[in-house]
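Novice: Just so it is clear, I am handing over upload-v5.txt, which has compact mmCIF, C-alpha atoms and all ligand atoms.
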# COMPACT_ATOMS: atom_id res chain seq x y z
CA MET M 1 -9.61 -7.79 -19.98
CA LYS M 2 -8.22 -4.35 -20.57
CA LEU M 3 -9.47 -1.67 -18.25
CA ASP M 4 -9.16 2.01 -18.83
CA ALA M 5 -10.96 5.17 -17.92
CA MET M 6 -14.10 5.66 -19.88
CA ASN M 7 -17.79 5.97 -19.67
CA ARG M 8 -18.34 2.43 -20.78
CA ARG M 9 -18.92 -0.21 -18.20
CA ASN M 10 -15.96 -2.17 -17.13
CA PHE M 11 -15.85 -5.45 -15.37
CA LEU M 12 -13.19 -6.40 -12.97
CA ARG M 13 -13.71 -10.08 -12.50
CA THR M 14 -12.32 -12.00 -9.64
CA SER M 15 -12.13 -15.71 -10.01
CA LEU M 16 -10.76 -18.74 -8.31
CA ALA M 17 -8.35 -20.85 -10.26
CA VAL M 18 -8.70 -24.63 -10.22
CA ALA M 19 -8.93 -25.91 -6.70
CA GLY M 20 -5.52 -26.33 -5.18
CA ALA M 21 -3.80 -23.80 -7.41
CA ALA M 22 -1.57 -21.32 -5.72
CA ILE M 23 -3.49 -18.18 -6.46
CA PHE M 24 -6.74 -16.43 -7.15
CA PRO M 25 -6.08 -14.49 -10.31
CA ALA M 26 -7.94 -11.23 -10.80
CA ALA M 27 -9.04 -11.19 -14.43
CA GLY M 28 -6.81 -14.15 -15.09
CA GLY M 29 -3.45 -13.09 -13.72
CA VAL M 30 -1.35 -11.81 -10.85
CA PRO M 31 -1.29 -8.96 -10.37
CA GLY M 32 -4.72 -8.01 -11.71
CA PRO M 33 -4.98 -5.66 -14.67
CA GLU M 34 -3.20 -2.35 -14.38
CA ILE M 35 -5.71 0.48 -14.44
CA ARG M 36 -4.36 3.69 -15.94
CA LEU M 37 -6.20 6.97 -16.28
CA LYS M 38 -5.58 10.70 -16.25
CA GLN M 39 -5.90 12.95 -13.25
CA GLY M 40 -9.48 14.22 -12.90
CA GLU M 41 -11.01 11.44 -14.99
CA ARG M 42 -13.75 9.16 -13.72
CA LEU M 43 -13.27 5.51 -13.09
CA ARG M 44 -16.29 3.27 -13.54
CA ILE M 45 -15.78 -0.37 -12.77
CA GLU M 46 -18.30 -3.02 -11.96
CA LEU M 47 -16.92 -5.79 -9.85
CA GLU M 48 -18.32 -9.21 -10.52
CA ASN M 49 -17.40 -11.51 -7.68
CA LEU M 50 -16.72 -15.02 -8.90
CA LEU M 51 -14.95 -15.98 -5.70
CA PRO M 52 -16.45 -18.58 -3.38
CA SER M 53 -16.34 -15.92 -0.66
CA ASP M 54 -17.67 -12.40 -0.20
CA THR M 55 -15.41 -9.50 -1.10
CA THR M 56 -15.10 -5.74 -1.67
CA VAL M 57 -12.52 -3.59 -3.46
CA HIS M 58 -10.63 -0.74 -1.85
CA TRP M 59 -8.81 1.89 -3.95
CA HIS M 60 -5.80 2.40 -1.77
CA GLY M 61 -4.60 5.99 -1.51
CA VAL M 62 -7.30 7.44 -3.76
CA ARG M 63 -9.42 10.11 -2.08
CA VAL M 64 -12.79 8.64 -3.02
CA PRO M 65 -16.23 9.54 -1.65
CA ASN M 66 -16.95 7.38 1.38
CA ALA M 67 -19.51 5.13 -0.35
CA MET M 68 -16.85 4.03 -2.87
CA ASP M 69 -14.19 3.14 -0.30
CA GLY M 70 -14.88 -0.60 -0.31
CA VAL M 71 -14.98 -1.30 3.40
CA PRO M 72 -17.51 -4.03 4.24
CA GLN M 73 -20.25 -3.07 6.69
CA LEU M 74 -18.78 0.41 7.10
CA THR M 75 -19.23 1.84 3.59
CA GLN M 76 -21.01 -0.91 1.66
CA ALA M 77 -22.53 -4.36 2.01
CA PRO M 78 -20.15 -7.20 1.15
CA ILE M 79 -20.31 -8.23 -2.50
CA ARG M 80 -21.73 -11.72 -2.33
CA ALA M 81 -19.80 -14.82 -3.31
CA ASN M 82 -20.51 -16.58 -6.61
CA GLY M 83 -21.83 -13.72 -8.71
CA GLY M 84 -22.50 -10.66 -6.57
CA ARG M 85 -21.88 -7.31 -8.25
CA PHE M 86 -21.08 -3.79 -7.21
CA LEU M 87 -20.49 -0.69 -9.28
CA TYR M 88 -17.60 1.52 -8.25
CA GLU M 89 -17.58 4.95 -9.79
CA PHE M 90 -15.58 8.01 -8.80
CA ALA M 91 -13.28 10.73 -10.11
CA VAL M 92 -9.57 10.60 -9.24
CA PRO M 93 -8.44 13.93 -7.77
CA ASP M 94 -4.73 13.12 -7.40
CA ALA M 95 -2.13 11.97 -9.90
CA GLY M 96 0.17 9.23 -8.65
CA THR M 97 0.84 5.58 -8.00
CA PHE M 98 -2.04 3.82 -6.23
CA TRP M 99 -3.38 0.28 -6.08
CA TYR M 100 -6.52 -1.71 -5.46
CA HIS M 101 -7.17 -4.74 -3.32
CA PRO M 102 -10.02 -6.50 -1.48
CA HIS M 103 -10.88 -5.26 2.00
CA LEU M 104 -12.67 -8.37 3.23
CA GLY M 105 -10.85 -11.50 4.30
CA SER M 106 -7.75 -9.52 3.38
CA PRO M 107 -5.08 -11.87 4.80
CA GLU M 108 -6.24 -14.60 2.46
CA GLN M 109 -7.58 -12.65 -0.52
CA VAL M 110 -4.63 -10.29 -0.82
CA GLY M 111 -2.29 -13.13 0.22
CA ARG M 112 -3.47 -15.07 -2.83
CA GLY M 113 -2.65 -12.21 -5.16
CA LEU M 114 -5.90 -10.30 -5.60
CA TYR M 115 -4.55 -6.84 -6.29
CA GLY M 116 -3.45 -4.55 -9.08
CA ALA M 117 -1.88 -1.18 -9.81
CA LEU M 118 -3.94 1.96 -10.26
CA ILE M 119 -1.87 4.59 -12.03
CA VAL M 120 -3.16 8.14 -12.34
CA GLU M 121 -1.12 10.07 -14.87
CA GLU M 122 -0.31 13.73 -14.40
CA ARG M 123 -2.01 16.12 -16.79
CA ASP M 124 1.49 17.07 -17.85
CA PRO M 125 3.61 13.98 -17.16
CA PRO M 126 7.35 14.39 -16.60
CA ALA M 127 9.63 13.37 -19.44
CA VAL M 128 11.17 9.94 -18.87
CA ASP M 129 12.21 7.21 -21.29
CA ARG M 130 10.22 4.52 -19.55
CA ASP M 131 7.50 4.28 -16.95
CA SER M 132 7.53 0.88 -15.22
CA VAL M 133 5.52 -0.55 -12.37
CA TRP M 134 7.05 -3.07 -10.01
CA MET M 135 4.37 -4.62 -7.86
CA LEU M 136 6.15 -6.44 -5.10
CA GLY M 137 4.43 -9.57 -3.81
CA ASP M 138 5.38 -12.06 -1.15
CA TRP M 139 4.19 -15.66 -0.98
CA ARG M 140 4.39 -18.47 1.48
CA LEU M 141 4.71 -21.46 -0.82
CA ASP M 142 5.26 -25.14 -0.21
CA ARG M 143 7.62 -27.29 -2.26
CA ARG M 144 5.07 -27.73 -5.02
CA ALA M 145 4.68 -23.93 -5.24
CA HIS M 146 1.21 -23.97 -3.71
CA SER M 147 0.13 -21.43 -1.13
CA VAL M 148 0.49 -22.74 2.39
CA GLU M 149 -3.08 -22.72 3.70
CA ASP M 150 -2.49 -21.15 7.07
CA PHE M 151 -3.91 -17.69 6.37
CA GLY M 152 -4.65 -15.58 9.40
CA ASN M 153 -3.12 -17.97 11.94
CA PHE M 154 -2.55 -16.60 15.42
CA MET M 155 1.21 -17.07 15.27
CA ASP M 156 1.46 -14.68 12.27
CA ALA M 157 -1.17 -12.36 13.71
CA SER M 158 0.66 -11.84 16.99
CA HIS M 159 4.15 -11.54 15.45
CA ALA M 160 5.33 -9.90 12.21
CA GLY M 161 2.42 -11.09 10.04
CA ARG M 162 2.52 -13.50 7.13
CA ILE M 163 6.03 -13.06 5.82
CA GLY M 164 6.50 -15.52 2.98
CA ASN M 165 9.41 -17.27 1.33
CA SER M 166 9.06 -16.20 -2.31
CA VAL M 167 9.14 -12.61 -3.48
CA THR M 168 7.69 -11.67 -6.85
CA VAL M 169 7.86 -8.61 -9.08
CA ASN M 170 4.65 -8.22 -11.10
CA GLY M 171 3.61 -11.75 -10.18
CA ALA M 172 6.76 -13.61 -11.23
CA ILE M 173 10.04 -14.51 -9.64
CA ARG M 174 12.34 -12.62 -11.96
CA GLU M 175 15.92 -13.27 -12.82
CA SER M 176 16.59 -10.05 -14.60
CA LEU M 177 15.16 -6.96 -16.17
CA GLU M 178 16.48 -5.38 -19.35
CA LEU M 179 17.75 -1.84 -19.27
CA ARG M 180 19.51 0.30 -21.86
CA SER M 181 22.41 2.46 -20.95
CA GLY M 182 21.38 6.13 -21.09
CA GLU M 183 17.70 5.61 -20.27
CA ARG M 184 15.83 7.32 -17.49
CA VAL M 185 13.21 5.09 -15.90
CA ARG M 186 10.38 6.13 -13.64
CA LEU M 187 10.01 3.12 -11.45
CA ARG M 188 6.74 2.89 -9.57
CA LEU M 189 7.32 0.59 -6.63
CA ILE M 190 4.25 -0.81 -4.88
CA ASN M 191 4.48 -3.04 -1.83
CA ALA M 192 1.50 -5.39 -2.15
CA ALA M 193 2.82 -7.92 0.37
CA ASN M 194 0.71 -8.85 3.39
CA ALA M 195 3.52 -8.23 5.83
CA ARG M 196 6.98 -8.03 4.30
CA ILE M 197 8.85 -4.72 4.47
CA PHE M 198 11.26 -4.06 1.61
CA GLY M 199 14.54 -2.13 1.71
CA LEU M 200 15.77 -1.90 -1.87
CA ASN M 201 19.35 -1.12 -2.88
CA PHE M 202 20.05 -0.43 -6.52
CA ARG M 203 23.71 -1.39 -6.65
CA ASN M 204 25.87 1.06 -8.63
CA HIS M 205 22.90 3.30 -9.33
CA ASP M 206 21.79 6.50 -7.72
CA PRO M 207 17.99 6.41 -7.51
CA LEU M 208 16.07 9.59 -6.71
CA VAL M 209 12.73 9.52 -4.94
CA ILE M 210 10.19 11.83 -6.60
CA ALA M 211 6.95 10.69 -4.95
CA LEU M 212 5.85 8.73 -1.88
CA ASP M 213 2.47 6.99 -1.70
CA GLY M 214 1.70 8.67 -5.01
CA GLN M 215 2.25 12.19 -3.68
CA PRO M 216 5.09 14.34 -5.04
CA VAL M 217 7.93 14.91 -2.56
CA THR M 218 11.08 17.05 -2.71
CA VAL M 219 13.38 15.11 -5.05
CA HIS M 220 15.87 13.32 -2.81
CA ARG M 221 18.21 10.41 -2.39
CA PRO M 222 16.71 7.78 -0.10
CA GLU M 223 18.28 7.56 3.34
CA GLY M 224 21.28 5.25 3.24
CA GLY M 225 20.66 4.74 -0.50
CA ARG M 226 17.86 2.32 0.35
CA VAL M 227 14.19 2.66 -0.57
CA VAL M 228 12.16 1.37 2.39
CA LEU M 229 8.54 0.39 1.82
CA GLY M 230 6.20 -1.07 4.41
CA PRO M 231 3.16 -3.02 3.24
CA SER M 232 0.84 -0.87 1.06
CA MET M 233 3.41 1.89 0.60
CA ARG M 234 4.62 3.18 -2.75
CA ALA M 235 7.60 5.14 -4.03
CA ASP M 236 8.18 6.65 -7.44
CA VAL M 237 11.88 6.46 -8.09
CA LEU M 238 13.92 7.85 -10.97
CA VAL M 239 16.56 5.37 -12.02
CA ASP M 240 19.09 6.63 -14.53
CA ALA M 241 20.74 3.78 -16.41
CA THR M 242 24.30 4.91 -15.92
CA GLY M 243 25.84 1.43 -16.18
CA GLU M 244 27.90 0.13 -19.06
CA PRO M 245 26.21 -1.64 -21.99
CA GLY M 246 26.39 -5.41 -21.51
CA SER M 247 26.86 -5.25 -17.74
CA THR M 248 24.67 -6.63 -14.95
CA TYR M 249 23.84 -5.06 -11.56
CA SER M 250 21.84 -6.53 -8.72
CA VAL M 251 18.92 -5.02 -6.88
CA ILE M 252 19.21 -6.23 -3.28
CA ASP M 253 16.56 -6.25 -0.58
CA ASP M 254 18.29 -6.14 2.78
CA PHE M 255 15.57 -4.78 5.05
CA TYR M 256 15.78 -7.67 7.54
CA GLU M 257 19.13 -8.14 9.19
CA ASN M 258 21.07 -11.14 7.89
CA ARG M 259 18.32 -11.90 5.38
CA ALA M 260 19.55 -9.99 2.34
CA TYR M 261 18.68 -11.52 -1.02
CA ARG M 262 18.85 -10.51 -4.66
CA LEU M 263 15.47 -9.28 -5.89
CA LEU M 264 16.59 -9.31 -9.51
CA ASP M 265 19.37 -8.17 -11.83
CA LEU M 266 19.36 -5.09 -14.01
CA LYS M 267 20.76 -6.44 -17.24
CA TYR M 268 22.07 -3.89 -19.71
CA SER M 269 21.57 -4.55 -23.38
CA PRO M 270 24.69 -4.31 -25.54
CA THR M 271 23.72 -1.01 -27.13
CA ARG M 272 23.36 2.46 -25.71
CA ALA M 273 20.12 4.47 -25.86
CA ARG M 274 19.93 8.17 -26.50
CA GLY M 275 17.96 8.81 -23.36
CA ARG M 276 17.49 11.32 -20.57
CA ALA M 277 19.80 9.78 -17.97
CA GLY M 278 21.82 12.47 -16.19
CA THR M 279 19.55 15.37 -17.13
CA GLN M 280 17.79 17.60 -14.62
CA PRO M 281 15.25 15.56 -12.63
CA PRO M 282 11.64 16.62 -13.25
CA MET M 283 9.48 18.29 -10.62
CA LEU M 284 6.02 16.84 -10.23
CA ALA M 285 3.14 19.26 -9.81
CA PRO M 286 1.57 19.01 -6.34
CA ASN M 287 -1.85 17.40 -5.96
CA PRO M 288 -4.78 19.53 -4.74
CA LEU M 289 -4.42 18.68 -1.03
CA SER M 290 -5.50 21.04 1.74
CA GLU M 291 -2.61 22.25 3.84
CA PRO M 292 -3.24 21.63 7.56
CA ASP M 293 -3.01 24.64 9.83
CA LEU M 294 -0.92 23.47 12.76
CA ALA M 295 -1.63 26.48 14.95
CA SER M 296 -5.36 25.79 15.05
CA ALA M 297 -5.22 22.00 14.71
CA GLN M 298 -7.01 19.74 17.17
CA ARG M 299 -4.65 17.20 18.71
CA HIS M 300 -5.36 13.50 19.23
CA ARG M 301 -3.42 10.55 20.46
CA VAL M 302 -3.70 6.94 19.36
CA ARG M 303 -1.84 4.11 21.08
CA PHE M 304 -1.16 0.62 19.73
CA GLU M 305 -0.66 -2.19 22.20
CA GLY M 306 -0.35 -5.96 22.14
CA GLY M 307 1.50 -8.56 20.14
CA MET M 308 4.04 -11.02 21.42
CA MET M 309 6.57 -9.64 23.88
CA GLY M 310 4.16 -6.86 24.65
CA ARG M 311 1.35 -6.10 27.00
CA MET M 312 -1.74 -7.92 25.78
CA PRO M 313 -5.00 -6.15 26.28
CA GLY M 314 -6.91 -7.71 29.20
CA GLY M 315 -8.38 -11.11 28.57
CA MET M 316 -7.70 -11.22 24.87
CA MET M 317 -5.05 -13.89 24.79
CA GLY M 318 -7.53 -16.61 25.65
CA GLY M 319 -9.63 -15.99 22.56
CA MET M 320 -12.29 -14.16 24.53
CA MET M 321 -13.56 -12.47 21.43
CA GLY M 322 -14.86 -15.79 20.15
CA GLY M 323 -15.08 -16.92 16.55
CA LYS M 324 -12.01 -17.94 14.66
CA HIS M 325 -10.28 -14.57 14.90
CA ARG M 326 -8.54 -14.11 18.18
CA MET M 327 -7.47 -10.57 18.95
CA ALA M 328 -3.79 -9.90 19.39
CA TRP M 329 -3.71 -6.09 19.38
CA SER M 330 -5.62 -3.08 20.54
CA VAL M 331 -5.97 0.60 19.65
CA ASN M 332 -6.53 2.86 22.66
CA GLY M 333 -7.49 -0.26 24.59
CA ARG M 334 -10.05 -1.55 22.07
CA ALA M 335 -9.77 -4.37 19.57
CA LEU M 336 -12.00 -4.37 16.51
CA GLY M 337 -12.48 -7.59 14.59
CA GLU M 338 -12.33 -7.46 10.83
CA HIS M 339 -16.09 -7.51 10.40
CA ASP M 340 -16.91 -5.63 13.52
CA HIS M 341 -17.38 -2.00 12.56
CA GLY M 342 -20.35 -1.30 14.77
CA GLY M 343 -20.29 0.95 17.78
CA GLU M 344 -18.59 4.26 18.31
CA PRO M 345 -15.69 5.47 16.22
CA LEU M 346 -12.31 5.78 17.92
CA LEU M 347 -12.18 9.50 17.15
CA THR M 348 -14.63 11.97 15.71
CA LEU M 349 -12.82 14.64 13.71
CA ALA M 350 -14.49 17.95 13.04
CA HIS M 351 -15.13 18.30 9.33
CA ARG M 352 -12.91 20.83 7.50
CA ARG M 353 -10.70 21.35 10.51
CA SER M 354 -7.01 20.57 10.82
CA HIS M 355 -6.01 17.65 13.01
CA VAL M 356 -2.74 16.33 14.35
CA ILE M 357 -2.73 12.69 15.43
CA GLU M 358 0.15 11.34 17.41
CA VAL M 359 0.38 7.60 16.85
CA VAL M 360 2.29 5.77 19.55
CA ASN M 361 3.50 2.25 18.94
CA ASP M 362 3.72 0.57 22.30
CA THR M 363 4.62 -2.81 20.77
CA SER M 364 7.78 -4.60 19.65
CA TRP M 365 6.71 -4.76 16.00
CA HIS M 366 6.60 -2.59 12.90
CA HIS M 367 3.21 -1.21 11.88
CA PRO M 368 2.69 0.47 8.50
CA THR M 369 -0.34 2.49 9.52
CA HIS M 370 -2.80 3.60 6.88
CA LEU M 371 -5.64 6.13 6.83
CA HIS M 372 -8.46 5.92 4.30
CA GLY M 373 -10.00 8.85 2.47
CA HIS M 374 -7.25 11.35 3.28
CA VAL M 375 -3.58 12.04 2.75
CA PHE M 376 -1.58 13.39 5.68
CA ARG M 377 1.71 15.16 6.22
CA VAL M 378 4.15 13.20 8.34
CA LEU M 379 5.44 15.88 10.72
CA THR M 380 7.68 13.80 12.97
CA ARG M 381 8.92 10.26 13.30
CA ASN M 382 10.29 9.06 16.62
CA GLY M 383 10.23 12.62 17.92
CA LYS M 384 12.29 14.11 15.08
CA PRO M 385 10.90 16.33 12.32
CA THR M 386 10.81 14.57 8.95
CA ALA M 387 13.07 15.95 6.25
CA TYR M 388 10.35 16.68 3.71
CA ARG M 389 7.08 16.72 5.70
CA GLU M 390 6.06 14.14 3.15
CA TRP M 391 2.45 13.61 2.18
CA GLN M 392 1.58 9.95 2.70
CA ASP M 393 -1.41 7.70 3.22
CA SER M 394 0.62 5.29 5.34
CA VAL M 395 3.35 5.83 7.89
CA LEU M 396 5.75 3.10 8.91
CA LEU M 397 5.96 2.95 12.70
CA ASP M 398 9.11 1.40 14.10
CA PRO M 399 8.93 -0.94 17.10
CA HIS M 400 8.28 1.36 20.08
CA GLY M 401 8.34 4.27 17.65
CA ARG M 402 5.88 7.08 17.15
CA ALA M 403 4.82 9.55 14.51
CA GLU M 404 2.78 12.74 14.25
CA ILE M 405 0.59 13.17 11.21
CA ALA M 406 -1.42 16.22 10.19
CA PHE M 407 -4.25 16.71 7.75
CA VAL M 408 -7.45 18.58 7.08
CA ALA M 409 -10.47 16.33 7.65
CA ASP M 410 -12.08 17.36 4.38
CA ASN M 411 -13.71 14.10 3.34
CA PRO M 412 -16.80 13.31 5.42
CA GLY M 413 -17.64 9.78 6.48
CA ASP M 414 -16.37 6.87 8.52
CA TRP M 415 -12.83 5.93 7.55
CA MET M 416 -10.59 3.03 8.45
CA PHE M 417 -7.34 3.69 10.23
CA HIS M 418 -5.37 0.47 10.50
CA CYS M 419 -2.12 -1.37 10.30
CA HIS M 420 -1.52 -2.69 6.78
CA VAL M 421 0.14 -5.86 7.98
CA LEU M 422 -3.07 -7.64 7.08
CA GLU M 423 -2.81 -10.20 9.88
CA HIS M 424 -2.52 -7.32 12.36
CA GLN M 425 -5.49 -5.56 10.82
CA ALA M 426 -7.59 -8.70 11.18
CA SER M 427 -6.63 -9.20 14.82
CA GLY M 428 -7.35 -5.81 16.35
CA LEU M 429 -5.02 -3.15 14.90
CA MET M 430 -7.84 -1.29 13.29
CA ALA M 431 -10.08 1.62 14.18
CA VAL M 432 -12.66 3.90 12.63
CA LEU M 433 -12.20 7.66 12.43
CA ARG M 434 -15.36 9.63 11.80
CA VAL M 435 -15.20 12.90 9.91
CA ALA M 436 -18.38 14.85 10.65
CU1 LIG M 501 -4.90 -0.77 1.50
CU2 LIG M 501 -7.61 -0.30 4.45
O1 LIG M 501 -6.24 -0.57 2.95
CU CU M 502 -6.74 2.76 1.88
CU CU M 503 0.99 -3.99 12.41
Let me see whether you can do it: turn the structure in this file into structure tokens.
Specialist:
Amino acid sequence: MKLDAMNRRNFLRTSLAVAGAAIFPAAGGVPGPEIRLKQGERLRIELENLLPSDTTVHWHGVRVPNAMDGVPQLTQAPIRANGGRFLYEFAVPDAGTFWYHPHLGSPEQVGRGLYGALIVEERDPPAVDRDSVWMLGDWRLDRRAHSVEDFGNFMDASHAGRIGNSVTVNGAIRESLELRSGERVRLRLINAANARIFGLNFRNHDPLVIALDGQPVTVHRPEGGRVVLGPSMRADVLVDATGEPGSTYSVIDDFYENRAYRLLDLKYSPTRARGRAGTQPPMLAPNPLSEPDLASAQRHRVRFEGGMMGRMPGGMMGGMMGGKHRMAWSVNGRALGEHDHGGEPLLTLAHRRSHVIEVVNDTSWHHPTHLHGHVFRVLTRNGKPTAYREWQDSVLLDPHGRAEIAFVADNPGDWMFHCHVLEHQASGLMAVLRVA
């Protein structure tokens, strides 16, 4: 079903394919339907939950009012299995590349492919010859191409998360993608994997990053020529097709040492296009974000602990928390279960004030750390100022790394702050920040 921005009612259906199939398609496919609208427009979508389990939908990176954020218990009641409905309706303040996914039972629901792209077009979009979305997925499949049914296991939770064995672009394992010499492509990369980090090399091409997590950034070449995306992160990249007609170039993912593989080939058609390759790169207009005032900002510190080869928070290893979800991680000494949003928030941030949060990763693992409802400037990573003070909604923390982020707490409500390795999120790397 086609979805677009309008005042009509839309249905986003989630359904379970025949028992035993590899995936839950959203509206019949993986990824789910791409939603495209213009900056400032309203999105109105009713979710009809045909899954055999409860769910919610989160609009990742979109600064929505709290009640539309799709976090079970915290912002809404779970949408019941087998026919529950919920109406999501909000305006989209920022242009950019966003996505949607469930926020309940995430390791399994997202791991089965329930997600889609949410593209908000600029009022005055930059001139390119093609605008393409690559939604990167990662699957743990058995030899019959069925999902291995070990979602949320403690081994994944306490290590790097569910890293799979089959990477897809827009739901398929692709051999190649057609390109015409002379074209300029705006490639919207979205990492929808539960846990895999990507490091993409466009061999023989010179990609330019124009936006990160949907937010415009100073146009730049990625560090080391490689576009690095932790889970949930996005990059808009300009790729000029400067190769020769008829030739083939590989896109390589070599994020993990000694595990490089070919994501796909860029295959040039035999004829040349009269395109925009090589012309001045466009500047994207900034989104209406409030600039934090560092001089008056309140400072906070958040520390992640736990995981294998790390200090485990007291008593948690033995499954003290009960239920099927054992905690493997903690935030400032506390571990929240996925459905356990009661109690006091980790931090209460004064509404409309500027805040700097230093996030310290006291573990041996990467954590792409995401904040709901706001977009922050990344001031420093590992003690060094960032090159572009990029606006992001997620920051990739290196093992034993740290980052300082700054933002104006201008969106009131209780907001999730969590690692987007979904197995980490479900086993303690999650907290609530209250803006009041
Ligand atoms: Cu993309 Cu709290 O999530
Ligand atoms: Cu989010
Ligand atoms: Cu993590």
Novice: Give me, as a Markdown table, each residue of chain M that comes within 12 Å of ligand CU 503 (chain M), together with its shortest interatomic pair and the distance in Å at one decimal, counting all atoms listed in the file, with rows ordered by chain and rising residue number.
Specialist:
| residue | atom | partner | partner_atom | distance |
| --- | --- | --- | --- | --- |
| M:Asp156 | CA | M:CU503 | CU | 10.7 |
| M:Ala157 | CA | M:CU503 | CU | 8.7 |
| M:Ser158 | CA | M:CU503 | CU | 9.1 |
| M:His159 | CA | M:CU503 | CU | 8.7 |
| M:Ala160 | CA | M:CU503 | CU | 7.3 |
| M:Gly161 | CA | M:CU503 | CU | 7.6 |
| M:Arg162 | CA | M:CU503 | CU | 11.0 |
| M:Asn194 | CA | M:CU503 | CU | 10.2 |
| M:Ala195 | CA | M:CU503 | CU | 8.2 |
| M:Arg196 | CA | M:CU503 | CU | 10.9 |
| M:Ile197 | CA | M:CU503 | CU | 11.2 |
| M:Gly230 | CA | M:CU503 | CU | 10.0 |
| M:Pro231 | CA | M:CU503 | CU | 9.5 |
| M:Ser232 | CA | M:CU503 | CU | 11.8 |
| M:Phe304 | CA | M:CU503 | CU | 8.9 |
| M:Glu305 | CA | M:CU503 | CU | 10.1 |
| M:Gly306 | CA | M:CU503 | CU | 10.0 |
| M:Gly307 | CA | M:CU503 | CU | 9.0 |
| M:Met308 | CA | M:CU503 | CU | 11.8 |
| M:Ala328 | CA | M:CU503 | CU | 10.3 |
| M:Trp329 | CA | M:CU503 | CU | 8.7 |
| M:Ser330 | CA | M:CU503 | CU | 10.5 |
| M:Val331 | CA | M:CU503 | CU | 11.0 |
| M:Asn361 | CA | M:CU503 | CU | 9.4 |
| M:Asp362 | CA | M:CU503 | CU | 11.2 |
| M:Thr363 | CA | M:CU503 | CU | 9.2 |
| M:Ser364 | CA | M:CU503 | CU | 9.9 |
| M:Trp365 | CA | M:CU503 | CU | 6.8 |
| M:His366 | CA | M:CU503 | CU | 5.8 |
| M:His367 | CA | M:CU503 | CU | 3.6 |
| M:Pro368 | CA | M:CU503 | CU | 6.2 |
| M:Thr369 | CA | M:CU503 | CU | 7.2 |
| M:His370 | CA | M:CU503 | CU | 10.1 |
| M:Ser394 | CA | M:CU503 | CU | 11.7 |
| M:Val395 | CA | M:CU503 | CU | 11.1 |
| M:Leu396 | CA | M:CU503 | CU | 9.2 |
| M:Leu397 | CA | M:CU503 | CU | 8.5 |
| M:Asp398 | CA | M:CU503 | CU | 9.9 |
| M:Pro399 | CA | M:CU503 | CU | 9.7 |
| M:His400 | CA | M:CU503 | CU | 11.9 |
| M:Phe417 | CA | M:CU503 | CU | 11.5 |
| M:His418 | CA | M:CU503 | CU | 8.0 |
| M:Cys419 | CA | M:CU503 | CU | 4.6 |
| M:His420 | CA | M:CU503 | CU | 6.3 |
| M:Val421 | CA | M:CU503 | CU | 4.9 |
| M:Leu422 | CA | M:CU503 | CU | 7.6 |
| M:Glu423 | CA | M:CU503 | CU | 7.7 |
| M:His424 | CA | M:CU503 | CU | 4.8 |
| M:Gln425 | CA | M:CU503 | CU | 6.9 |
| M:Ala426 | CA | M:CU503 | CU | 9.9 |
| M:Ser427 | CA | M:CU503 | CU | 9.5 |
| M:Gly428 | CA | M:CU503 | CU | 9.4 |
| M:Leu429 | CA | M:CU503 | CU | 6.6 |
| M:Met430 | CA | M:CU503 | CU | 9.3 |
Novice: Could you check how far CA of Pro282 in chain M sits from CA of Ala387 in chain M, in Å to one decimal?
Specialist: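 Taking CA of Pro282 in chain M as the start and CA of Ala387 in chain M as the end point, the length is 19.6 Å.
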Novice: Collect all residues with atoms no farther than 8 Å from ligand CU 502 (chain M), counting all atoms listed in the file, and output them as number ranges by chain.
Specialist: M: 58-62, 69, 370-373, 393, 416
Novice: Can you pull out the residues contacting range 202-218 of chain M? Cut-off 8 Å, using all atoms listed in the file, and skip same-chain residues under 4 positions away; I want them as a VMD selection string.
Specialist: chain M and resid 61 94 to 98 222 225 to 226 233 to 243 249 to 252 283 to 287 388 390 to 394
Novice: Nearest residue to Arg259 in chain M out of M:Leu379, M:Thr168, M:Gly199, M:Ile190, using only C-alpha atoms?
Specialist: M:Gly199
Novice: Could you tell me how far CA of Asp410 in chain M sits from CA of Val110 in chain M, in Å to one decimal place?
Specialist: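 Value for the CA of Val110 in chain M-CA of Asp410 in chain M distance: 29.1 Å.
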Novice: Work out how far apart CA of Asn82 in chain M and CA of Glu48 in chain M are and give it in Å to one decimal.
Specialist: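 Pair CA of Asn82 in chain M / CA of Glu48 in chain M returns 8.6 Å.
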Novice: Counting all atoms listed in the file, which of M:Ala117, M:Ala145, M:Ile357, M:Val432 gets nearest to Ala297 in chain M?
Specialist: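 Distance minimum relative to Ala297 in chain M lands on M:Ile357.
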Novice: Determine the nearest neighbour of ligand LIG 501 (chain M) from the options M:Ala91, M:Ala431, M:Asn170, M:Gly401, counting all atoms listed in the file.
Specialist: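 Result for the nearest residue to ligand LIG 501 (chain M): M:Ala431.
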Novice: Using only C-alpha atoms for the distances, tell me which of M:Val71, M:Val120, M:Val92, M:Ile173 is nearest to Leu37 in chain M.
Specialist: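 The answer is M:Val120, which sits nearest to Leu37 in chain M.
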